[in-house]
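Source file: structure.csv. Holds: CSV, C-alpha atoms.
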chain,number,residue,atom,x,y,z
A,1,MET,CA,-7.5,13.5,-26.5
A,2,ARG,CA,-7.3,15.7,-23.4
A,3,ARG,CA,-10.5,14.3,-22.0
A,4,ARG,CA,-9.5,10.7,-22.7
A,5,PHE,CA,-6.2,11.2,-20.9
A,6,LEU,CA,-7.8,12.9,-17.9
A,7,LEU,CA,-10.3,10.1,-17.6
A,8,ILE,CA,-7.5,7.5,-17.5
A,9,VAL,CA,-5.6,9.4,-14.9
A,10,LEU,CA,-8.6,9.7,-12.6
A,11,ILE,CA,-9.6,6.1,-12.9
A,12,GLY,CA,-6.0,4.9,-12.4
A,13,LEU,CA,-5.8,6.9,-9.2
A,14,VAL,CA,-8.8,5.3,-7.7
A,15,ALA,CA,-7.6,1.8,-8.6
A,16,LEU,CA,-7.1,0.6,-5.1
A,17,GLU,CA,-8.5,3.1,-2.5
A,18,ALA,CA,-10.6,6.1,-3.6
A,19,ALA,CA,-10.3,7.9,-0.3
A,20,LYS,CA,-6.5,8.2,-0.6
A,21,ALA,CA,-6.3,8.5,-4.3
A,22,GLN,CA,-5.3,12.2,-4.3
A,23,SER,CA,-1.7,11.4,-3.4
A,24,ALA,CA,0.8,9.5,-5.5
A,25,GLY,CA,1.8,5.9,-4.7
A,26,THR,CA,-1.5,4.4,-3.7
A,27,VAL,CA,-0.2,0.9,-4.3
A,28,ALA,CA,2.3,1.5,-1.5
A,29,ARG,CA,-0.5,2.0,0.9
A,30,ALA,CA,-2.8,-0.9,-0.1
A,31,GLY,CA,-1.2,-3.3,2.4
A,32,PHE,CA,0.4,-6.7,1.8
A,33,GLY,CA,-1.3,-10.1,1.5
A,34,ALA,CA,-4.3,-11.7,3.2
A,35,ARG,CA,-2.9,-11.5,6.7
A,36,GLY,CA,-2.1,-7.8,6.5
A,37,LEU,CA,-5.5,-6.7,5.2
A,38,ALA,CA,-7.4,-9.1,7.6
A,39,VAL,CA,-5.9,-7.2,10.7
A,40,GLY,CA,-6.4,-3.7,9.3
A,41,ASN,CA,-2.7,-3.4,8.2
A,42,ALA,CA,-1.8,-2.8,11.9
A,43,LEU,CA,1.5,-4.6,11.7
A,44,ALA,CA,4.3,-2.1,12.2
A,45,GLY,CA,5.1,-3.5,15.6
A,46,ASP,CA,4.4,-7.2,15.1
A,47,ALA,CA,7.5,-9.4,15.6
A,48,SER,CA,5.7,-12.7,15.4
A,49,GLY,CA,7.8,-13.8,12.4
A,50,LEU,CA,4.7,-13.9,10.1
A,51,THR,CA,4.7,-10.2,9.2
A,52,SER,CA,6.0,-9.0,5.8
A,53,PRO,CA,9.0,-6.7,6.2
A,54,TRP,CA,7.1,-4.5,3.8
A,55,TYR,CA,5.3,-3.1,6.9
A,56,ASN,CA,8.5,-2.5,8.8
A,57,PRO,CA,12.0,-3.5,7.5
A,58,ALA,CA,13.2,-3.9,11.1
A,59,LEU,CA,11.0,-7.0,11.4
A,60,ALA,CA,13.1,-8.8,8.7
A,61,PRO,CA,15.3,-10.6,11.4
A,62,TYR,CA,12.2,-12.2,12.9
A,63,VAL,CA,11.1,-13.9,9.6
A,64,ARG,CA,10.1,-17.4,10.3
A,65,GLY,CA,12.5,-19.3,8.1
A,66,GLN,CA,12.9,-19.2,4.3
A,67,ASN,CA,9.5,-18.6,2.8
A,68,LEU,CA,7.7,-17.8,-0.5
A,69,ASN,CA,4.5,-15.8,-0.3
A,70,LEU,CA,2.0,-15.6,-3.2
A,71,SER,CA,-1.2,-13.5,-2.9
A,72,ALA,CA,-3.9,-12.3,-5.2
A,73,ALA,CA,-7.1,-10.3,-4.7
A,74,LEU,CA,-10.5,-10.4,-6.4
A,75,LEU,CA,-12.0,-6.9,-6.6
A,76,ALA,CA,-14.9,-5.2,-8.3
A,77,HIS,CA,-14.7,-2.7,-11.2
A,78,ASP,CA,-12.0,-4.6,-13.2
A,79,ARG,CA,-9.3,-3.8,-10.6
A,80,GLN,CA,-6.4,-6.1,-9.9
A,81,LEU,CA,-4.0,-6.5,-6.9
A,82,GLN,CA,-1.3,-9.1,-6.5
A,83,PHE,CA,1.7,-9.7,-4.2
A,84,VAL,CA,4.8,-11.9,-4.2
A,85,GLU,CA,7.5,-12.0,-1.6
A,86,LEU,CA,10.6,-14.1,-0.8
A,87,GLY,CA,12.2,-13.8,2.6
A,88,THR,CA,14.8,-15.5,4.7
A,89,PRO,CA,16.5,-14.9,8.1
A,90,LEU,CA,20.3,-14.4,8.0
A,91,ARG,CA,21.4,-16.1,11.1
A,92,PRO,CA,22.2,-15.1,13.8
A,93,ARG,CA,21.1,-11.4,13.8
A,94,ALA,CA,19.7,-10.3,10.4
A,95,GLY,CA,17.0,-10.9,7.8
A,96,ILE,CA,16.2,-10.0,4.2
A,97,ALA,CA,13.1,-10.0,2.0
A,98,ALA,CA,12.3,-9.0,-1.6
A,99,GLY,CA,8.9,-8.6,-3.1
A,100,LEU,CA,6.6,-7.1,-5.7
A,101,ILE,CA,3.2,-5.5,-5.5
A,102,HIS,CA,1.1,-4.9,-8.6
A,103,GLY,CA,-2.2,-2.9,-8.8
A,104,GLY,CA,-4.1,-2.0,-11.9
A,105,VAL,CA,-7.4,-1.4,-13.7
A,106,ARG,CA,-8.6,-3.1,-16.8
A,107,ASN,CA,-11.3,-2.4,-19.4
A,108,ILE,CA,-11.3,1.3,-19.2
A,109,ASP,CA,-13.8,2.7,-21.7
A,110,LEU,CA,-12.3,5.5,-23.9
A,111,ARG,CA,-14.6,8.0,-25.5
A,112,ASP,CA,-14.1,11.1,-27.6
A,113,GLN,CA,-15.6,14.5,-26.9
A,114,SER,CA,-18.8,13.5,-28.6
A,115,GLY,CA,-19.2,10.4,-26.4
A,116,TYR,CA,-18.4,7.8,-29.0
A,117,HIS,CA,-16.4,4.7,-28.0
A,118,THR,CA,-12.8,4.9,-29.3
A,119,GLY,CA,-11.1,1.9,-27.6
A,120,MET,CA,-10.1,0.3,-24.3
A,121,ALA,CA,-7.2,1.1,-22.0
A,122,SER,CA,-5.7,-0.1,-18.7
A,123,THR,CA,-3.5,1.3,-16.0
A,124,ASP,CA,-0.7,-0.5,-14.0
A,125,GLU,CA,1.3,0.4,-10.9
A,126,PHE,CA,4.2,-1.6,-9.5
A,127,ALA,CA,6.2,-1.5,-6.3
A,128,PHE,CA,9.3,-3.6,-6.0
A,129,PHE,CA,11.1,-3.7,-2.6
A,130,LEU,CA,14.2,-5.0,-1.0
A,131,ALA,CA,14.1,-4.9,2.8
A,132,PHE,CA,17.0,-5.6,5.2
A,133,GLY,CA,17.0,-5.6,9.0
A,134,VAL,CA,19.5,-6.4,11.7
A,135,ARG,CA,19.2,-6.9,15.5
A,136,VAL,CA,21.4,-4.3,17.3
A,137,THR,CA,20.6,-5.7,20.7
A,138,SER,CA,18.6,-8.6,22.1
A,139,HIS,CA,15.6,-6.2,22.4
A,140,ALA,CA,15.9,-3.9,19.4
A,141,SER,CA,16.3,-4.1,15.6
A,142,VAL,CA,16.7,-1.6,12.8
A,143,GLY,CA,16.0,-1.9,9.0
A,144,VAL,CA,15.8,-0.2,5.7
A,145,ASN,CA,13.6,-0.8,2.7
A,146,LEU,CA,14.6,0.2,-0.8
A,147,GLN,CA,11.7,0.5,-3.2
A,148,LEU,CA,11.3,1.1,-6.9
A,149,PHE,CA,7.9,2.4,-8.1
A,150,ARG,CA,6.6,2.4,-11.7
A,151,SER,CA,3.3,3.8,-12.9
A,152,ASP,CA,1.8,3.2,-16.4
A,153,LEU,CA,-1.2,5.4,-17.0
A,154,TYR,CA,-1.5,5.8,-20.8
A,155,ASP,CA,0.1,4.3,-23.9
A,156,ASP,CA,1.2,7.7,-25.2
A,157,LEU,CA,2.6,8.9,-21.8
A,158,ARG,CA,6.0,7.8,-20.7
A,159,PRO,CA,5.8,5.7,-17.5
A,160,ALA,CA,6.9,7.4,-14.3
A,161,GLN,CA,9.5,5.7,-12.2
A,162,THR,CA,11.0,6.6,-8.8
A,163,ILE,CA,12.8,5.2,-5.9
A,164,GLY,CA,11.7,5.4,-2.3
A,165,LEU,CA,13.2,4.5,1.1
A,166,ASP,CA,11.6,3.3,4.3
A,167,VAL,CA,13.4,3.3,7.7
A,168,GLY,CA,12.2,1.2,10.6
A,169,LEU,CA,12.8,0.4,14.2
A,170,ALA,CA,11.4,-2.4,16.3
A,171,PHE,CA,12.0,-3.2,20.0
A,172,ARG,CA,10.6,-5.3,22.8
A,173,LEU,CA,9.3,-3.1,25.6
A,174,TRP,CA,8.1,-5.9,27.8
A,175,PRO,CA,8.2,-9.7,27.3
A,176,HIS,CA,4.8,-9.7,25.6
A,177,LEU,CA,4.7,-6.2,24.1
A,178,HIS,CA,6.6,-5.2,20.9
A,179,LEU,CA,6.6,-1.7,19.4
A,180,GLY,CA,7.6,-0.5,15.9
A,181,LEU,CA,8.3,2.9,14.3
A,182,VAL,CA,8.5,3.4,10.5
A,183,VAL,CA,9.0,6.4,8.2
A,184,ASP,CA,7.7,5.5,4.8
A,185,ASP,CA,8.3,6.6,1.2
A,186,LEU,CA,11.2,9.0,1.6
A,187,LEU,CA,12.5,10.5,-1.7
A,188,ALA,CA,9.6,9.0,-3.7
A,189,ARG,CA,8.0,11.2,-6.4
A,190,TYR,CA,6.5,10.8,-9.9
A,191,SER,CA,7.4,13.1,-12.7
A,192,TRP,CA,5.0,13.4,-15.7
A,193,ASP,CA,5.3,15.4,-19.0
A,194,THR,CA,2.1,15.8,-20.9
A,195,SER,CA,3.2,18.5,-23.2
A,196,ALA,CA,3.1,16.2,-26.3
A,197,LEU,CA,-0.4,14.9,-25.5
A,198,PHE,CA,-2.5,18.1,-25.6
A,199,SER,CA,-2.3,21.8,-25.8
A,200,GLY,CA,-1.6,23.3,-22.4
A,201,GLY,CA,0.2,20.1,-21.2
A,202,GLY,CA,3.4,20.4,-19.2
A,203,SER,CA,5.5,18.9,-16.5
A,204,THR,CA,3.9,17.7,-13.2
A,205,LEU,CA,5.7,16.5,-10.1
A,206,ASP,CA,3.7,14.2,-7.8
A,207,ILE,CA,5.4,13.8,-4.4
A,208,PHE,CA,4.5,10.7,-2.4
A,209,PRO,CA,3.2,11.5,1.1
A,210,THR,CA,5.6,11.1,4.0
A,211,ARG,CA,4.2,8.7,6.5
A,212,LEU,CA,5.1,8.1,10.1
A,213,ARG,CA,3.7,4.9,11.6
A,214,ILE,CA,3.8,3.8,15.2
A,215,GLY,CA,2.6,0.3,16.0
A,216,ALA,CA,2.2,-2.2,18.9
A,217,ALA,CA,1.7,-5.9,19.2
A,218,TRP,CA,0.5,-7.4,22.5
A,219,GLU,CA,0.4,-11.1,23.3
A,220,THR,CA,-2.4,-11.1,25.8
A,221,PRO,CA,-2.7,-13.4,28.8
A,222,ILE,CA,-5.5,-15.2,26.9
A,223,ARG,CA,-3.7,-18.1,25.2
A,224,SER,CA,-2.8,-17.5,21.6
A,225,LEU,CA,-4.5,-14.1,21.3
A,226,ARG,CA,-2.5,-11.2,19.8
A,227,VAL,CA,-3.9,-7.7,19.7
A,228,LEU,CA,-2.5,-5.2,17.2
A,229,ALA,CA,-2.7,-1.4,16.9
A,230,GLU,CA,-1.1,1.2,14.7
A,231,TYR,CA,-1.3,5.0,14.3
A,232,GLU,CA,-0.3,6.7,11.0
A,233,SER,CA,0.5,10.4,10.5
A,234,MET,CA,0.7,11.3,6.9
A,235,ILE,CA,1.9,14.6,5.4
A,236,SER,CA,1.2,15.2,1.7
A,237,SER,CA,2.1,18.1,-0.6
A,238,ARG,CA,-0.5,19.3,-3.2
A,239,GLU,CA,-0.3,21.7,-6.0
A,240,PHE,CA,-3.2,24.0,-6.7
A,241,ARG,CA,-3.7,26.2,-9.8
A,242,ASP,CA,-5.8,29.3,-9.2
A,243,PRO,CA,-7.2,30.9,-12.4
A,244,ASN,CA,-6.8,34.6,-13.1
A,245,ILE,CA,-8.8,36.3,-15.9
A,246,THR,CA,-7.5,39.5,-17.4
A,247,LEU,CA,-8.6,41.5,-20.5
A,248,ALA,CA,-6.3,42.0,-23.5
A,249,GLY,CA,-8.3,44.7,-25.2
A,250,LEU,CA,-11.7,43.1,-25.4
A,251,THR,CA,-10.4,39.5,-25.3
A,252,PRO,CA,-10.4,37.7,-22.0
A,253,GLN,CA,-7.1,35.9,-21.1
A,254,VAL,CA,-6.8,33.1,-18.5
A,255,SER,CA,-3.6,32.6,-16.6
A,256,TYR,CA,-2.9,30.5,-13.6
A,257,THR,CA,-1.1,31.0,-10.3
A,258,THR,CA,0.4,27.9,-8.8
A,259,ARG,CA,0.7,27.4,-5.0
A,260,ASP,CA,1.9,24.4,-2.9
A,261,VAL,CA,-0.1,23.4,0.1
A,262,SER,CA,1.0,20.8,2.8
A,263,LEU,CA,-1.8,18.7,4.2
A,264,HIS,CA,-1.8,16.4,7.3
A,265,SER,CA,-4.0,13.5,8.1
A,266,GLY,CA,-3.9,10.8,10.7
A,267,GLY,CA,-5.5,7.4,11.2
A,268,LEU,CA,-5.8,4.5,13.6
A,269,ARG,CA,-5.8,0.8,12.7
A,270,LEU,CA,-6.8,-2.1,14.9
A,271,GLY,CA,-6.5,-5.9,14.5
A,272,ALA,CA,-6.5,-9.2,16.4
A,273,GLU,CA,-5.3,-12.7,15.8
A,274,TYR,CA,-6.4,-15.8,17.7
A,275,GLN,CA,-5.1,-19.4,17.3
A,276,PRO,CA,-7.6,-21.9,18.6
A,277,ALA,CA,-5.6,-24.8,17.2
A,278,SER,CA,-2.0,-25.3,16.1
A,279,VAL,CA,-3.2,-25.5,12.4
A,280,LEU,CA,-5.8,-22.7,12.5
A,281,SER,CA,-5.7,-19.0,13.1
A,282,LEU,CA,-8.6,-16.5,13.0
A,283,ARG,CA,-8.1,-12.8,12.2
A,284,ALA,CA,-10.1,-9.6,12.2
A,285,GLY,CA,-9.4,-5.9,12.0
A,286,LEU,CA,-10.5,-2.4,11.2
A,287,GLY,CA,-8.6,0.0,8.9
A,288,ARG,CA,-9.4,3.6,8.0
A,289,LEU,CA,-10.9,4.4,11.4
A,290,GLU,CA,-10.1,8.1,10.7
A,291,ASP,CA,-12.7,8.1,7.9
A,292,LEU,CA,-15.9,7.3,9.8
A,293,GLY,CA,-17.6,10.2,8.1
A,294,ARG,CA,-15.8,10.0,4.7
A,295,GLY,CA,-16.4,6.6,3.2
A,296,GLY,CA,-16.4,4.6,6.4
A,297,PRO,CA,-13.9,2.3,8.0
A,298,GLN,CA,-12.5,-0.8,6.2
A,299,PRO,CA,-13.3,-4.0,8.2
A,300,GLY,CA,-11.7,-7.3,7.4
A,301,ALA,CA,-11.7,-10.8,8.6
A,302,GLY,CA,-10.1,-14.1,7.6
A,303,PHE,CA,-8.4,-17.3,8.6
A,304,VAL,CA,-5.3,-19.3,7.8
A,305,ILE,CA,-4.7,-23.1,7.8
A,306,GLU,CA,-1.3,-24.6,8.1
A,307,GLN,CA,-0.5,-28.0,6.8
A,308,ALA,CA,2.8,-29.9,6.3
A,309,LEU,CA,3.2,-31.5,2.9
A,310,GLY,CA,6.1,-33.8,3.5
A,311,LEU,CA,8.9,-31.6,4.5
A,312,LEU,CA,7.2,-28.5,3.0
A,313,VAL,CA,5.1,-26.5,5.5
A,314,THR,CA,2.3,-24.7,3.7
A,315,GLN,CA,-0.1,-22.0,4.8
A,316,ALA,CA,-3.3,-21.1,2.9
A,317,ALA,CA,-5.1,-17.9,4.0
A,318,TYR,CA,-8.3,-16.2,3.0
A,319,THR,CA,-9.5,-12.7,3.9
A,320,PHE,CA,-12.7,-10.8,3.2
A,321,VAL,CA,-12.5,-7.0,3.3
A,322,LEU,CA,-15.4,-4.6,2.9
A,323,GLU,CA,-14.2,-1.6,0.9
A,324,PRO,CA,-15.2,2.0,1.6
A,325,TRP,CA,-17.0,4.4,-0.7
A,326,ALA,CA,-19.3,1.6,-1.9
A,327,LEU,CA,-16.5,0.0,-3.9
A,328,GLY,CA,-17.7,-3.5,-3.0
A,329,SER,CA,-15.9,-6.3,-1.3
A,330,MET,CA,-12.4,-7.6,-1.6
A,331,HIS,CA,-11.4,-11.3,-1.4
A,332,LEU,CA,-7.8,-12.2,-0.9
A,333,ILE,CA,-6.0,-15.6,-1.0
A,334,THR,CA,-2.5,-16.1,0.1
A,335,VAL,CA,-0.4,-19.3,-0.2
A,336,ARG,CA,2.8,-19.4,1.8
A,337,PHE,CA,5.5,-22.0,1.5
A,338,PHE,CA,8.2,-22.4,4.2
A,339,LEU,CA,11.2,-23.8,2.2
Structure translated into structure tokens:
Amino acid sequence: MRRRFLLIVLIGLVALEAAKAQSAGTVARAGFGARGLAVGNALAGDASGLTSPWYNPALAPYVRGQNLNLSAALLAHDRQLQFVELGTPLRPRAGIAAGLIHGGVRNIDLRDQSGYHTGMASTDEFAFFLAFGVRVTSHASVGVNLQLFRSDLYDDLRPAQTIGLDVGLAFRLWPHLHLGLVVDDLLARYSWDTSALFSGGGSTLDIFPTRLRIGAAWETPIRSLRVLAEYESMISSREFRDPNITLAGLTPQVSYTTRDVSLHSGGLRLGAEYQPASVLSLRAGLGRLEDLGRGGPQPGAGFVIEQALGLLVTQAAYTFVLEPWALGSMHLITVRFFL
């Protein structure tokens, strides 16, 4: 039972991005939709009206009209990733958006200690969010994003749930340069209790990393070309258990000393978007530039076509992403309706 449970936990953690799987809340760091992943998720400072407030709640007032966003990804290794979002501006100074992200793994092969097949399992992780932003001046806006996370790893393990909070700022530095600042996943943590599953089980607390992201969006002198950049600083807390072996008479006894360690990592993301025609936009980007020697960067590219269907304006977007760590390729499709 213990081996089965540990196998499920490990596979669930690598469901979306193996390089960052050692911290809780991977689904919160996957990105959002075809546009986001095409430009390397470098959207903290993009006030174009097309960016999901998931990236920065201060961008909610810039949302381009009432819209419904539906996205799904095709991934290798029985993984799943879907997005849905409904957003609207609240004239004249505010905006709001609500959405859901789902990531998971299917067809996990369960085996006992002798290697015999005992069944199949799956894992699921959900992130619901409600983002609100308001313009405080003609050049600046602030926003908050309230999140509810849920992780289902194993049928006999109670799902973990937690709330999180993002705080964001966005402002226009020059007419064609916008900046954004976001602090992500405050208060978020998963609590697990495995004492009923196997001998030696107990309570575990997985704290989400605290992330600080600074982004910029520049509308270049080249017509309809936007350049995007973002830097992320992430601080995570890890718990390590060091074994200690002592003798009780002639019998060895193992005890553990627990210590908490804070780890820091940083990374740069780059993206670009070019609109050669009013109905077509081309996108490309690079994520994970910090991991050139550890799994490699995550390049992506895609396009979007906009078409009016009567009074309903519709966008259809496709993105191709090459995943790190030889996980294969990701294909994303987003359909967006402006209501």
### Query
Which of these, A:Gln66, A:Ser122, A:Ser237, A:Gln80, has the shortest distance to Arg106 of chain A once you count all atoms listed in the file?
A:Ser122
### Task
Counting all atoms listed in the file, note down every residue that has an atom within 7 Å of the point (0.4, 0.5, 14.6) (file coordinates), as a PyMOL selection string.
chain A and resi 42-45+213-216+228-231+269
### Task
May I have the residues at most 9 Å from (-3.4, -16.9, 23.3) in the file's coordinates, counting all atoms listed in the file, as an NGL selection string?
:A and (219-226 or 273-276)
Generate a file of the selected residues that holds C-alpha atoms, formatted as an mmCIF file, in the coordinates of the input.
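Generated output (result-v9.cif):
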data_model
loop_
_atom_site.group_PDB
_atom_site.id
_atom_site.type_symbol
_atom_site.label_atom_id
_atom_site.label_comp_id
_atom_site.auth_asym_id
_atom_site.auth_seq_id
_atom_site.Cartn_x
_atom_site.Cartn_y
_atom_site.Cartn_z
ATOM 1 C CA GLU A 219 0.400 -11.100 23.300
ATOM 2 C CA THR A 220 -2.400 -11.100 25.800
ATOM 3 C CA PRO A 221 -2.700 -13.400 28.800
ATOM 4 C CA ILE A 222 -5.500 -15.200 26.900
ATOM 5 C CA ARG A 223 -3.700 -18.100 25.200
ATOM 6 C CA SER A 224 -2.800 -17.500 21.600
ATOM 7 C CA LEU A 225 -4.500 -14.100 21.300
ATOM 8 C CA ARG A 226 -2.500 -11.200 19.800
ATOM 9 C CA GLU A 273 -5.300 -12.700 15.800
ATOM 10 C CA TYR A 274 -6.400 -15.800 17.700
ATOM 11 C CA GLN A 275 -5.100 -19.400 17.300
ATOM 12 C CA PRO A 276 -7.600 -21.900 18.600
#
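Going from atom CA of Phe132 of chain A over to atom CA of Asn56 of chain A, you cover 9.7 Å.
Atom CA of Pro61 of chain A sits 25.4 Å away from atom CA of Ala188 of chain A.
Between atom CA of Ser52 of chain A and atom CA of Ala24 of chain A the interatomic distance comes to 22.3 Å.
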### Message
I'd like the neighbourhood of Trp54 of chain A as a VMD selection string, where a residue qualifies if any of its atoms comes within 8 Å (using only C-alpha atoms), though same-chain residues fewer than 3 positions away should be ignored.
### Response
chain A and resid 32 57 129 131 145
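Among A:Leu59, A:His139, A:Ser23, A:Arg79, the residue with the shortest atom-to-atom distance to Ile235 of chain A, counting only C-alpha atoms, is A:Ser23.
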### Query
Can you list, as an MDAnalysis selection string, every protein, DNA or RNA residue that comes within 6 Å of segment 151-154 of chain A when you count all atoms listed in the file, leaving out same-chain residues fewer than 4 positions away?
chainID A and resid 123:125 159:160
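The environment of Ala60 of chain A within 6 Å, counting only C-alpha atoms and disregarding residues fewer than 5 places along the same chain, consists of Pro53, Gly95, Ile96 and Gly133 of chain A.
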Would you kindly return, as a PDB file with C-alpha atoms, keeping the file's coordinate frame, each protein, DNA or RNA residue with an atom no farther than 7 Å from any atom of Val261 of chain A, considering all atoms listed in the file and excluding same-chain residues fewer than 2 positions away?
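The new file selection-v2.pdb reads:
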ATOM      1  CA  SER A 237       2.100  18.100  -0.600  1.00  0.00           C
ATOM      2  CA  ARG A 238      -0.500  19.300  -3.200  1.00  0.00           C
ATOM      3  CA  GLU A 239      -0.300  21.700  -6.000  1.00  0.00           C
ATOM      4  CA  ARG A 259       0.700  27.400  -5.000  1.00  0.00           C
ATOM      5  CA  LEU A 263      -1.800  18.700   4.200  1.00  0.00           C
TER       6      LEU A 263
END
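For the residues A:Ala277, A:Val144, A:Asp193, A:Thr204, ranking by smallest atom-to-atom distance to Leu181 of chain A using all atoms listed in the file places A:Val144 first.
For the set A:Leu286, A:Val63, A:Leu280, A:Val27, the residue with the smallest atom-to-atom gap to Pro89 of chain A is A:Val63, counting all atoms listed in the file.
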### Query
Any idea what's packed within 7 Å of Thr257 of chain A, counting all atoms listed in the file, ignoring anything in its chain fewer than 2 positions away? Could you give it as an NGL selection string?
:A and (241-243 or 255 or 259)
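Nearest residue to Arg288 of chain A, choosing from A:Phe149, A:Leu311, A:Pro209, A:Val39 and counting only C-alpha atoms: A:Val39.
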Repair of segment 242-248 of chain A at the level of all heavy atoms, as a PDB file, in the frame of the given file:
ATOM      1  N   ASP A 242      -4.704  28.356  -9.333  1.00  0.00           N
ATOM      2  CA  ASP A 242      -5.800  29.300  -9.200  1.00  0.00           C
ATOM      3  C   ASP A 242      -5.902  30.127 -10.516  1.00  0.00           C
ATOM      4  O   ASP A 242      -4.925  30.758 -10.951  1.00  0.00           O
ATOM      5  CB  ASP A 242      -5.570  30.264  -8.049  1.00  0.00           C
ATOM      6  CG  ASP A 242      -5.483  29.519  -6.732  1.00  0.00           C
ATOM      7  OD1 ASP A 242      -6.299  28.604  -6.534  1.00  0.00           O
ATOM      8  OD2 ASP A 242      -4.600  29.848  -5.912  1.00  0.00           O
ATOM      9  N   PRO A 243      -7.085  30.136 -11.170  1.00  0.00           N
ATOM     10  CA  PRO A 243      -7.200  30.900 -12.400  1.00  0.00           C
ATOM     11  C   PRO A 243      -7.322  32.385 -12.200  1.00  0.00           C
ATOM     12  O   PRO A 243      -7.920  32.854 -11.226  1.00  0.00           O
ATOM     13  CB  PRO A 243      -8.534  30.333 -13.004  1.00  0.00           C
ATOM     14  CG  PRO A 243      -9.316  29.891 -11.819  1.00  0.00           C
ATOM     15  CD  PRO A 243      -8.310  29.412 -10.803  1.00  0.00           C
ATOM     16  N   ASN A 244      -6.713  33.136 -13.108  1.00  0.00           N
ATOM     17  CA  ASN A 244      -6.800  34.600 -13.100  1.00  0.00           C
ATOM     18  C   ASN A 244      -7.236  35.036 -14.501  1.00  0.00           C
ATOM     19  O   ASN A 244      -6.628  34.653 -15.506  1.00  0.00           O
ATOM     20  CB  ASN A 244      -5.450  35.235 -12.774  1.00  0.00           C
ATOM     21  CG  ASN A 244      -4.914  34.775 -11.431  1.00  0.00           C
ATOM     22  OD1 ASN A 244      -5.578  34.930 -10.418  1.00  0.00           O
ATOM     23  ND2 ASN A 244      -3.723  34.197 -11.428  1.00  0.00           N
ATOM     24  N   ILE A 245      -8.299  35.821 -14.576  1.00  0.00           N
ATOM     25  CA  ILE A 245      -8.800  36.300 -15.900  1.00  0.00           C
ATOM     26  C   ILE A 245      -8.524  37.767 -16.025  1.00  0.00           C
ATOM     27  O   ILE A 245      -8.857  38.592 -15.170  1.00  0.00           O
ATOM     28  CB  ILE A 245     -10.356  36.048 -15.932  1.00  0.00           C
ATOM     29  CG1 ILE A 245     -10.665  34.549 -15.777  1.00  0.00           C
ATOM     30  CG2 ILE A 245     -10.915  36.563 -17.252  1.00  0.00           C
ATOM     31  CD1 ILE A 245     -12.137  34.234 -15.775  1.00  0.00           C
ATOM     32  N   THR A 246      -7.863  38.077 -17.108  1.00  0.00           N
ATOM     33  CA  THR A 246      -7.500  39.500 -17.400  1.00  0.00           C
ATOM     34  C   THR A 246      -8.031  39.770 -18.857  1.00  0.00           C
ATOM     35  O   THR A 246      -8.331  38.849 -19.636  1.00  0.00           O
ATOM     36  CB  THR A 246      -6.032  39.713 -17.343  1.00  0.00           C
ATOM     37  OG1 THR A 246      -5.352  38.820 -18.239  1.00  0.00           O
ATOM     38  CG2 THR A 246      -5.535  39.474 -15.921  1.00  0.00           C
ATOM     39  N   LEU A 247      -8.113  41.028 -19.175  1.00  0.00           N
ATOM     40  CA  LEU A 247      -8.600  41.500 -20.500  1.00  0.00           C
ATOM     41  C   LEU A 247      -7.382  41.988 -21.292  1.00  0.00           C
ATOM     42  O   LEU A 247      -6.606  42.823 -20.813  1.00  0.00           O
ATOM     43  CB  LEU A 247      -9.631  42.535 -20.398  1.00  0.00           C
ATOM     44  CG  LEU A 247     -11.001  42.084 -19.874  1.00  0.00           C
ATOM     45  CD1 LEU A 247     -11.935  43.285 -19.745  1.00  0.00           C
ATOM     46  CD2 LEU A 247     -11.609  41.038 -20.817  1.00  0.00           C
ATOM     47  N   ALA A 248      -7.220  41.466 -22.512  1.00  0.00           N
ATOM     48  CA  ALA A 248      -6.300  42.000 -23.500  1.00  0.00           C
ATOM     49  C   ALA A 248      -7.065  42.713 -24.532  1.00  0.00           C
ATOM     50  O   ALA A 248      -7.537  42.095 -25.490  1.00  0.00           O
ATOM     51  CB  ALA A 248      -5.405  40.890 -24.054  1.00  0.00           C
TER      52      ALA A 248
END
